[in-house]
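Step one of this worksheet: look at the structure below.
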Amino acid sequence: MTSSNPSYLIIGAGVFGVSTAYHLIQKYPSASITLVDRDAYDAESRVAASWDWNKVVRADYDDKIYCKLALEAQDIFKSDPLWQPYFHQTGVYWTCRSDYAQNVINHHKELGRNDDIIALPVSEARKLYGGLFDNADYTGVKEVLINRASGWAAAGDALRAVTKKCLELGVKYVTAEVATLEFNGRGSCTGAKTKSGQVLSATHVIVAAGAFTPTLLEWSAASSGNAGLRAGERILAAGITTGMAQLKKDQYEKFKDMPVGFQGYTPEEGKPFIGSIPPTKDGELKWWGSKIFTNTREVLPGRYISSPPPTHDYNQWKVPGPLKQDIIESRNLWYGPASADWEMTKHRICWDAFTTSSDFIISPHSASKGLYVATCGSFHGFKFFPVLGKYITQMLEGELESELVEKWAWDRQRPDSSENVEYPNSEMKHLLQPASKL
Ligand SMILES: Cc1cc2nc3c(=O)[nH]c(=O)nc-3n(C[C@H](O)[C@H](O)[C@H](O)COP(=O)(O)OP(=O)(O)OC[C@H]3O[C@@H](n4cnc5c(N)ncnc54)[C@H](O)[C@@H]3O)c2cc1C
């Protein structure tokens with residue numbers, strides 16, 4: 001295989017991997033492009049963070065680069081027939097305890113957008129939407145950001161539809177768990193070996209394995225003897241709990257047109273932002289907890305890193321009591337005492353890959369030729385699904401603009417995590433100890 005005849009092996013079929021396959025197959029219709037994932041793309045249940053009932057699709061970023069990128073992605077969600085059926089433009093209601101709202105509004109203006117986006121005093125905002133958020137926690141809130149252009153997407157359905165489209169266009173999909181990356185005698189990456197021993201080869205190997213990325217790189221470092229493959233401090237795998245309540249018919253009527261809600265906190269308050277997404281058509285209302293936790297375990301003799309539990313489904317449906325309690329406390333931050341009797345139908349622990357700055361890593365891997373990394377959604381990656389692959393393709397071809405090359409580099413200076421409210425704040429086993437306070 002020569003570089004004039006490139007082939008692509010993408011490990012992980014979440015939004016980073018599938019978007020890459022989608023953009024590559026459109027640019028190179030006859031290229032060999034393979035997605036490999038431990039779960040079938042249409043499986044009943046998947047471990048991918050991207051596979052979910054719903055995800056927020058918003059451009060309310062105080063980081064101008066992500067604001068611009070999210071607007072680009074949202075425009076596709078709103079207009080392209082492949083994505084449009086999954087997008088719901090319900091708006092966003094965001095309690096801000098910092099200058100977040102003004103920063104977002106300024107970015108939109110500077111980017112020439114006239115979206116219906118305003119910041120209101122609490123007293124005015126809580127009257128909106130029939131007073132739906134009147135019982136929310138407004139302690140320390142400076143103002144409420146209302147952006148009627150934002151909304152949410154039926155995430156799992158969109159992921160399945162775009163993957164199916166990729167397959168129709170000629171992308172191959174292999175359902176298998178990758179055990180290690182493969183290298184030639186010169187240390188260049190040539191493919192991957194699955195747990196059952198199947199070798200998949202390509203000139204370009206793109207690791208898009210989400211929360212499992214650091215573990216896969218550890219295993220590959222051990223099998224190849226190339227310690228430089230390890231993620232080290234760059235990537236941290238972490239989980240967060242989501243919960244769903246089944247609304248009764250009258251409750252559903254009340255909540256069905258609600259916007260996405262965000263409780264925005266600052267580092268001093270020690271909480272991440274906590275969101276709640278409008279009910280699905282089956283009347284299930286979802287929100288997430290405030291604990292973002294690591295799971296440090298021995299992935300190889302003597303090698304301890306954070307990694308999802310070592311079962312096929314990451315134990316994602318086995319949610320211990322203290323994490324269910326976290327969900328109750330977050331519910332109360334939104335819906336107050338009136339929600340005490342809501343029937344909880346589902347709890348899930350969802351795993352993602354984080355960087356200290358919440359920037360993605362979309363970069364060649366510096367320790368091996370032919371190896372690339374595209375992941376680290378850091379709890380906000382889904383909304384970029386339509387455009388991620390465009391930028392990953394640019395990275396593969398050395399055409400990414402310099403600002404993005406630096407932001408998403410494998411090797412770069414990384415800030416301390418203390419200013420990042422989204423960064424993992426606890427260790428799972430400590431949260432599960434009886435004495436732990438949530
Ligand atoms: C609870 C929760 C809520 C979120 N809410 C939002 C939101 O509202 N809006 C938003 O924009 N973002 C949100 N995010 C973030 C977003 O979901 C993620 O950043 C994004 O989906 C990550 O995509 P990914 O492709 O990197 O990883 P994933 O979607 O996790 O995909 C990785 C894939 O790799 C596969 N894989 C892993 N290891 C192997 C292996 N060894 N062999 C084969 N396959 C393997 C997995 O099966 C998986 O399919 C949320 C995340 C969580 C956890």
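Naming works like this for the structure tokens: A, B, ... for the chains as they're shown, residue 1 at the start of each chain, ligands 1 onward in shown order.
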- Counting only C-alpha atoms and all ligand atoms, name the residues that have an atom within 6 Å of an atom of ligand 1; the answer should be given as a ChimeraX atom specification. /A:11-17,36-39,47-50,55-57,176-179,208-212,240,242,350-352,375-383
Taking N, CA and C atoms for each residue, export the selection above as a tab-separated table (two decimals), in the first residue's frame.
```
chain	number	residue	atom	x	y	z
A	11	ILE	N	-10.99	3.64	14.23
A	11	ILE	CA	-11.34	2.81	15.40
A	11	ILE	C	-12.30	3.61	16.27
A	12	GLY	N	-13.57	3.18	16.27
A	12	GLY	CA	-14.60	3.87	17.05
A	12	GLY	C	-15.61	4.53	16.14
A	13	ALA	N	-16.88	4.13	16.29
A	13	ALA	CA	-17.95	4.67	15.45
A	13	ALA	C	-18.89	5.54	16.25
A	14	GLY	N	-18.31	6.48	17.03
A	14	GLY	CA	-19.09	7.55	17.64
A	14	GLY	C	-19.09	8.73	16.66
A	15	VAL	N	-19.41	9.92	17.15
A	15	VAL	CA	-19.52	11.05	16.21
A	15	VAL	C	-18.18	11.41	15.56
A	16	PHE	N	-17.06	11.26	16.30
A	16	PHE	CA	-15.77	11.60	15.69
A	16	PHE	C	-15.46	10.64	14.55
A	17	GLY	N	-15.63	9.34	14.81
A	17	GLY	CA	-15.30	8.34	13.80
A	17	GLY	C	-16.25	8.37	12.61
A	36	VAL	N	-14.33	0.38	12.61
A	36	VAL	CA	-14.39	-0.81	13.48
A	36	VAL	C	-14.87	-0.35	14.85
A	37	ASP	N	-15.87	-1.07	15.38
A	37	ASP	CA	-16.41	-0.70	16.69
A	37	ASP	C	-16.80	-1.96	17.44
A	38	ARG	N	-16.68	-1.92	18.75
A	38	ARG	CA	-17.04	-3.09	19.56
A	38	ARG	C	-18.54	-3.39	19.49
A	39	ASP	N	-19.35	-2.37	19.14
A	39	ASP	CA	-20.80	-2.57	19.03
A	39	ASP	C	-21.27	-2.37	17.59
A	47	VAL	N	-22.05	1.47	23.97
A	47	VAL	CA	-21.33	2.22	25.02
A	47	VAL	C	-20.96	3.63	24.58
A	48	ALA	N	-21.08	3.92	23.29
A	48	ALA	CA	-20.65	5.24	22.79
A	48	ALA	C	-21.35	6.37	23.52
A	49	ALA	N	-20.57	7.41	23.89
A	49	ALA	CA	-21.19	8.61	24.46
A	49	ALA	C	-22.14	9.23	23.44
A	50	SER	N	-21.79	9.06	22.16
A	50	SER	CA	-22.60	9.66	21.09
A	50	SER	C	-23.96	8.98	20.94
A	55	LYS	N	-29.15	14.86	22.76
A	55	LYS	CA	-27.99	15.68	23.13
A	55	LYS	C	-28.31	17.13	22.78
A	56	VAL	N	-27.74	18.03	23.54
A	56	VAL	CA	-27.95	19.45	23.27
A	56	VAL	C	-27.15	19.85	22.03
A	57	VAL	N	-27.80	20.59	21.16
A	57	VAL	CA	-27.13	21.14	19.97
A	57	VAL	C	-27.27	22.66	20.07
A	176	ALA	N	-16.11	-5.44	16.07
A	176	ALA	CA	-15.06	-6.18	16.79
A	176	ALA	C	-14.38	-5.25	17.77
A	177	GLU	N	-13.82	-5.85	18.81
A	177	GLU	CA	-13.11	-5.04	19.80
A	177	GLU	C	-11.62	-5.02	19.44
A	178	VAL	N	-11.09	-3.83	19.28
A	178	VAL	CA	-9.66	-3.72	18.96
A	178	VAL	C	-8.84	-3.93	20.23
A	179	ALA	N	-7.82	-4.81	20.13
A	179	ALA	CA	-6.98	-5.09	21.30
A	179	ALA	C	-5.72	-4.25	21.28
A	208	ALA	N	-10.47	6.87	17.32
A	208	ALA	CA	-11.60	7.71	17.72
A	208	ALA	C	-12.43	6.91	18.72
A	209	ALA	N	-11.73	6.37	19.71
A	209	ALA	CA	-12.35	5.39	20.63
A	209	ALA	C	-12.89	6.03	21.90
A	210	GLY	N	-13.08	7.34	21.91
A	210	GLY	CA	-13.69	8.02	23.05
A	210	GLY	C	-12.97	7.69	24.34
A	211	ALA	N	-13.75	7.36	25.38
A	211	ALA	CA	-13.20	7.13	26.72
A	211	ALA	C	-12.21	5.98	26.76
A	212	PHE	N	-12.26	5.08	25.76
A	212	PHE	CA	-11.36	3.93	25.78
A	212	PHE	C	-10.00	4.24	25.16
A	240	ILE	N	-20.23	10.19	33.78
A	240	ILE	CA	-21.24	11.05	34.42
A	240	ILE	C	-22.56	10.30	34.35
A	242	THR	N	-26.63	9.97	33.93
A	242	THR	CA	-27.85	10.63	33.45
A	242	THR	C	-29.05	9.88	34.01
A	350	CYS	N	-22.44	7.41	31.47
A	350	CYS	CA	-21.94	7.65	30.12
A	350	CYS	C	-20.48	8.08	30.24
A	351	TRP	N	-19.59	7.47	29.43
A	351	TRP	CA	-18.15	7.71	29.53
A	351	TRP	C	-17.65	8.52	28.34
A	352	ASP	N	-16.81	9.49	28.62
A	352	ASP	CA	-16.25	10.33	27.54
A	352	ASP	C	-14.77	10.56	27.86
A	375	THR	N	-10.59	12.56	19.00
A	375	THR	CA	-11.56	12.29	20.07
A	375	THR	C	-11.44	13.37	21.14
A	376	CYS	N	-11.81	13.07	22.37
A	376	CYS	CA	-11.82	14.02	23.49
A	376	CYS	C	-12.95	15.02	23.35
A	377	GLY	N	-14.14	14.52	23.21
A	377	GLY	CA	-15.33	15.38	23.16
A	377	GLY	C	-15.53	16.18	24.43
A	378	SER	N	-14.89	15.74	25.53
A	378	SER	CA	-14.91	16.49	26.80
A	378	SER	C	-16.32	16.94	27.17
A	379	PHE	N	-17.28	16.05	26.94
A	379	PHE	CA	-18.64	16.29	27.39
A	379	PHE	C	-19.37	17.34	26.53
A	380	HIS	N	-18.79	17.74	25.38
A	380	HIS	CA	-19.51	18.70	24.54
A	380	HIS	C	-19.35	18.42	23.04
A	381	GLY	N	-18.90	17.21	22.70
A	381	GLY	CA	-18.53	16.96	21.31
A	381	GLY	C	-19.66	16.64	20.34
A	382	PHE	N	-20.81	16.18	20.86
A	382	PHE	CA	-21.83	15.67	19.93
A	382	PHE	C	-22.29	16.69	18.91
A	383	LYS	N	-22.53	17.91	19.36
A	383	LYS	CA	-23.17	18.93	18.51
A	383	LYS	C	-22.38	19.24	17.24
```
- All alpha helix (DSSP H) positions in stretch 160-400 of chain A, as an MDAnalysis selection string: chainID A and resid 160:169 213:224 249:255 321:335 385:396
Print the selection's residues with C-alpha atoms to a file, as a JSON list (two decimals), in the first residue's frame.
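Final file, selection-v9.json:
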```
[["chain", "number", "residue", "atom", "x", "y", "z"],
["A", 160, "ARG", "CA", -27.50, 5.36, 13.24],
["A", 161, "ALA", "CA", -28.81, 7.25, 10.19],
["A", 162, "VAL", "CA", -25.46, 8.82, 9.29],
["A", 163, "THR", "CA", -23.62, 5.51, 9.79],
["A", 164, "LYS", "CA", -26.15, 3.79, 7.54],
["A", 165, "LYS", "CA", -25.57, 6.50, 4.92],
["A", 166, "CYS", "CA", -21.81, 5.88, 5.15],
["A", 167, "LEU", "CA", -22.35, 2.17, 4.51],
["A", 168, "GLU", "CA", -24.56, 2.94, 1.51],
["A", 169, "LEU", "CA", -21.76, 5.12, 0.15],
["A", 213, "THR", "CA", -8.62, 5.76, 23.88],
["A", 214, "PRO", "CA", -6.07, 5.97, 26.76],
["A", 215, "THR", "CA", -6.50, 2.24, 27.50],
["A", 216, "LEU", "CA", -6.05, 1.23, 23.87],
["A", 217, "LEU", "CA", -2.90, 3.37, 23.67],
["A", 218, "GLU", "CA", -1.58, 1.77, 26.90],
["A", 219, "TRP", "CA", -2.12, -1.72, 25.50],
["A", 220, "SER", "CA", -0.50, -0.72, 22.21],
["A", 221, "ALA", "CA", 2.48, 0.85, 23.99],
["A", 222, "ALA", "CA", 3.02, -2.44, 25.84],
["A", 223, "SER", "CA", 2.64, -4.67, 22.79],
["A", 224, "SER", "CA", 4.90, -2.53, 20.59],
["A", 249, "LYS", "CA", -49.77, 12.72, 30.34],
["A", 250, "ASP", "CA", -50.59, 16.07, 31.95],
["A", 251, "GLN", "CA", -46.94, 16.64, 32.88],
["A", 252, "TYR", "CA", -45.88, 15.86, 29.34],
["A", 253, "GLU", "CA", -48.32, 18.48, 28.01],
["A", 254, "LYS", "CA", -46.71, 21.00, 30.34],
["A", 255, "PHE", "CA", -43.11, 20.16, 29.44],
["A", 321, "GLY", "CA", -27.42, 4.32, 44.73],
["A", 322, "PRO", "CA", -25.14, 7.31, 45.44],
["A", 323, "LEU", "CA", -25.07, 8.20, 41.74],
["A", 324, "LYS", "CA", -28.87, 7.92, 41.56],
["A", 325, "GLN", "CA", -28.91, 10.31, 44.52],
["A", 326, "ASP", "CA", -26.76, 12.73, 42.50],
["A", 327, "ILE", "CA", -29.50, 12.65, 39.84],
["A", 328, "ILE", "CA", -32.17, 13.47, 42.43],
["A", 329, "GLU", "CA", -30.16, 16.44, 43.68],
["A", 330, "SER", "CA", -29.68, 17.75, 40.15],
["A", 331, "ARG", "CA", -33.39, 17.31, 39.45],
["A", 332, "ASN", "CA", -34.15, 19.54, 42.41],
["A", 333, "LEU", "CA", -31.89, 22.27, 41.01],
["A", 334, "TRP", "CA", -34.33, 22.43, 38.10],
["A", 335, "TYR", "CA", -37.75, 21.31, 39.10],
["A", 385, "PHE", "CA", -21.16, 15.78, 14.48],
["A", 386, "PRO", "CA", -21.90, 17.22, 10.99],
["A", 387, "VAL", "CA", -18.55, 19.04, 10.71],
["A", 388, "LEU", "CA", -16.04, 17.06, 12.79],
["A", 389, "GLY", "CA", -15.07, 14.90, 9.82],
["A", 390, "LYS", "CA", -14.40, 17.93, 7.64],
["A", 391, "TYR", "CA", -11.76, 19.13, 10.10],
["A", 392, "ILE", "CA", -10.41, 15.63, 10.76],
["A", 393, "THR", "CA", -9.95, 15.16, 7.00],
["A", 394, "GLN", "CA", -8.13, 18.51, 6.84],
["A", 395, "MET", "CA", -5.89, 17.32, 9.68],
["A", 396, "LEU", "CA", -5.14, 14.05, 7.85]]
```
- Task: Do a neighbour search on A:Glu284 at 9 Å with only C-alpha atoms, toss out local chain neighbours closer than 4 positions, and write the hits as a VMD selection string.
- Result: chain A and resid 244 to 247 252 278 to 280 345
Mind running stretch 27-116 of chain A against stretch 123-133 of chain A at 12 Å and telling me each contacting residue's nearest atom pair with the distance in Å (one decimal), counting only C-alpha atoms, chain and number ascending, as JSON lines?
```
{"residue": "A:Thr90", "atom": "CA", "partner": "A:Tyr129", "partner_atom": "CA", "distance": 11.1}
{"residue": "A:Gly91", "atom": "CA", "partner": "A:Tyr129", "partner_atom": "CA", "distance": 10.9}
{"residue": "A:Val92", "atom": "CA", "partner": "A:Tyr129", "partner_atom": "CA", "distance": 11.3}
{"residue": "A:Tyr93", "atom": "CA", "partner": "A:Ala125", "partner_atom": "CA", "distance": 8.5}
{"residue": "A:Trp94", "atom": "CA", "partner": "A:Ala125", "partner_atom": "CA", "distance": 9.8}
{"residue": "A:Thr95", "atom": "CA", "partner": "A:Ala125", "partner_atom": "CA", "distance": 9.3}
{"residue": "A:Cys96", "atom": "CA", "partner": "A:Ala125", "partner_atom": "CA", "distance": 11.7}
```
Mind dumping the selected residues with N, CA and C atoms as a PDB file, in the first residue's frame?
```pdb
ATOM      1  N   THR A  90     -35.762  23.961  20.034  1.00  0.00           N
ATOM      2  CA  THR A  90     -36.596  24.334  21.185  1.00  0.00           C
ATOM      3  C   THR A  90     -36.077  25.571  21.898  1.00  0.00           C
ATOM      4  N   GLY A  91     -34.841  25.991  21.578  1.00  0.00           N
ATOM      5  CA  GLY A  91     -34.219  27.090  22.315  1.00  0.00           C
ATOM      6  C   GLY A  91     -33.500  26.591  23.566  1.00  0.00           C
ATOM      7  N   VAL A  92     -32.745  27.501  24.163  1.00  0.00           N
ATOM      8  CA  VAL A  92     -31.981  27.188  25.381  1.00  0.00           C
ATOM      9  C   VAL A  92     -32.256  28.240  26.440  1.00  0.00           C
ATOM     10  N   TYR A  93     -32.387  27.793  27.686  1.00  0.00           N
ATOM     11  CA  TYR A  93     -32.627  28.673  28.843  1.00  0.00           C
ATOM     12  C   TYR A  93     -31.467  28.417  29.792  1.00  0.00           C
ATOM     13  N   TRP A  94     -30.581  29.401  29.968  1.00  0.00           N
ATOM     14  CA  TRP A  94     -29.289  29.144  30.614  1.00  0.00           C
ATOM     15  C   TRP A  94     -29.075  30.123  31.762  1.00  0.00           C
ATOM     16  N   THR A  95     -29.116  29.621  32.986  1.00  0.00           N
ATOM     17  CA  THR A  95     -28.863  30.509  34.136  1.00  0.00           C
ATOM     18  C   THR A  95     -27.358  30.763  34.222  1.00  0.00           C
ATOM     19  N   CYS A  96     -26.975  32.039  34.247  1.00  0.00           N
ATOM     20  CA  CYS A  96     -25.545  32.380  34.204  1.00  0.00           C
ATOM     21  C   CYS A  96     -25.111  33.034  35.507  1.00  0.00           C
TER      22      CYS A  96
END
```
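Each of A:Gly283, A:Asp52, A:Ser150, A:Asp60 was compared to A:Gln74 using only C-alpha atoms, and A:Ser150 turns out to be the nearest.
Neighbouring residues of A:Val405 at 10 Å or closer, counting only C-alpha atoms and skipping chain neighbours under 4 positions away, are Ile361, Ile362, Ser363, Pro364, Tyr391, Gln394, Met395, Gly398, Glu399, Leu400, Glu401, Ala409, Trp410 and Arg412 of chain A.
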How would the residues just picked look written out with N, CA and C atoms as an mmCIF file, in the first residue's frame?
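Writing the result to again.cif gives the following:
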```
data_model
loop_
_atom_site.group_PDB
_atom_site.id
_atom_site.type_symbol
_atom_site.label_atom_id
_atom_site.label_comp_id
_atom_site.auth_asym_id
_atom_site.auth_seq_id
_atom_site.Cartn_x
_atom_site.Cartn_y
_atom_site.Cartn_z
ATOM 1 N N ILE A 361 -8.831 16.512 20.796
ATOM 2 C CA ILE A 361 -7.543 16.204 20.177
ATOM 3 C C ILE A 361 -7.863 15.685 18.775
ATOM 4 N N ILE A 362 -7.401 16.435 17.784
ATOM 5 C CA ILE A 362 -7.566 16.052 16.367
ATOM 6 C C ILE A 362 -6.192 16.285 15.766
ATOM 7 N N SER A 363 -5.410 15.207 15.706
ATOM 8 C CA SER A 363 -3.978 15.435 15.480
ATOM 9 C C SER A 363 -3.279 14.143 15.054
ATOM 10 N N PRO A 364 -2.179 14.295 14.286
ATOM 11 C CA PRO A 364 -1.308 13.124 14.133
ATOM 12 C C PRO A 364 -0.756 12.775 15.511
ATOM 13 N N TYR A 391 -13.015 18.658 9.499
ATOM 14 C CA TYR A 391 -11.762 19.133 10.098
ATOM 15 C C TYR A 391 -10.771 17.973 10.302
ATOM 16 N N GLN A 394 -9.155 17.467 7.046
ATOM 17 C CA GLN A 394 -8.132 18.512 6.842
ATOM 18 C C GLN A 394 -6.869 18.179 7.634
ATOM 19 N N MET A 395 -7.056 17.690 8.862
ATOM 20 C CA MET A 395 -5.889 17.317 9.685
ATOM 21 C C MET A 395 -5.099 16.206 9.005
ATOM 22 N N GLY A 398 -2.989 17.580 6.315
ATOM 23 C CA GLY A 398 -2.098 18.697 6.645
ATOM 24 C C GLY A 398 -2.659 20.044 6.240
ATOM 25 N N GLU A 399 -4.010 20.136 6.161
ATOM 26 C CA GLU A 399 -4.617 21.390 5.683
ATOM 27 C C GLU A 399 -5.406 22.135 6.756
ATOM 28 N N LEU A 400 -5.283 21.680 7.988
ATOM 29 C CA LEU A 400 -6.029 22.338 9.068
ATOM 30 C C LEU A 400 -5.410 23.704 9.347
ATOM 31 N N GLU A 401 -6.253 24.729 9.539
ATOM 32 C CA GLU A 401 -5.668 26.055 9.768
ATOM 33 C C GLU A 401 -4.909 26.075 11.102
ATOM 34 N N ALA A 409 -3.867 19.973 19.113
ATOM 35 C CA ALA A 409 -2.644 19.178 18.956
ATOM 36 C C ALA A 409 -2.516 18.080 20.015
ATOM 37 N N TRP A 410 -1.856 16.997 19.617
ATOM 38 C CA TRP A 410 -1.504 15.931 20.570
ATOM 39 C C TRP A 410 -0.506 16.489 21.591
ATOM 40 N N ARG A 412 0.852 19.794 23.161
ATOM 41 C CA ARG A 412 0.680 21.236 23.359
ATOM 42 C C ARG A 412 0.715 21.519 24.859
#
```
- Item | stretch 69-251 of chain A: residues DSSP assigns to strand (DSSP E), reported as a ChimeraX atom specification | /A:87-88,92-96,117-120,143-147,151-153,172-175,178-183,189-194,199-201,204-207,236-246
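Closest approach to A:Thr296 among A:Ser188, A:Asn315, A:Ser32, A:Ser426: A:Ser426, based on only C-alpha atoms.
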- Selected residue of minimal separation from A:Gln263 among A:Leu404, A:Ala21, A:Leu371, A:Val421, counting only C-alpha atoms: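 Closest candidate: A:Val421.
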- Which is closer to A:Ser7 than all the others in A:Ala202, A:Val174, A:Ala40, A:Ala73, using only C-alpha atoms? A:Ala202
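With only C-alpha atoms as the atoms that count, the minimum distance from A:Gly187 to the choices A:Gln89, A:Thr311, A:Gln26, A:Asn226 is reached by A:Asn226.
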- Message: Under the rule that only C-alpha atoms are counted, which of A:His347, A:Lys172, A:Arg46, A:Arg113 is the nearest residue to A:Asp75?
- Response: A:Arg113
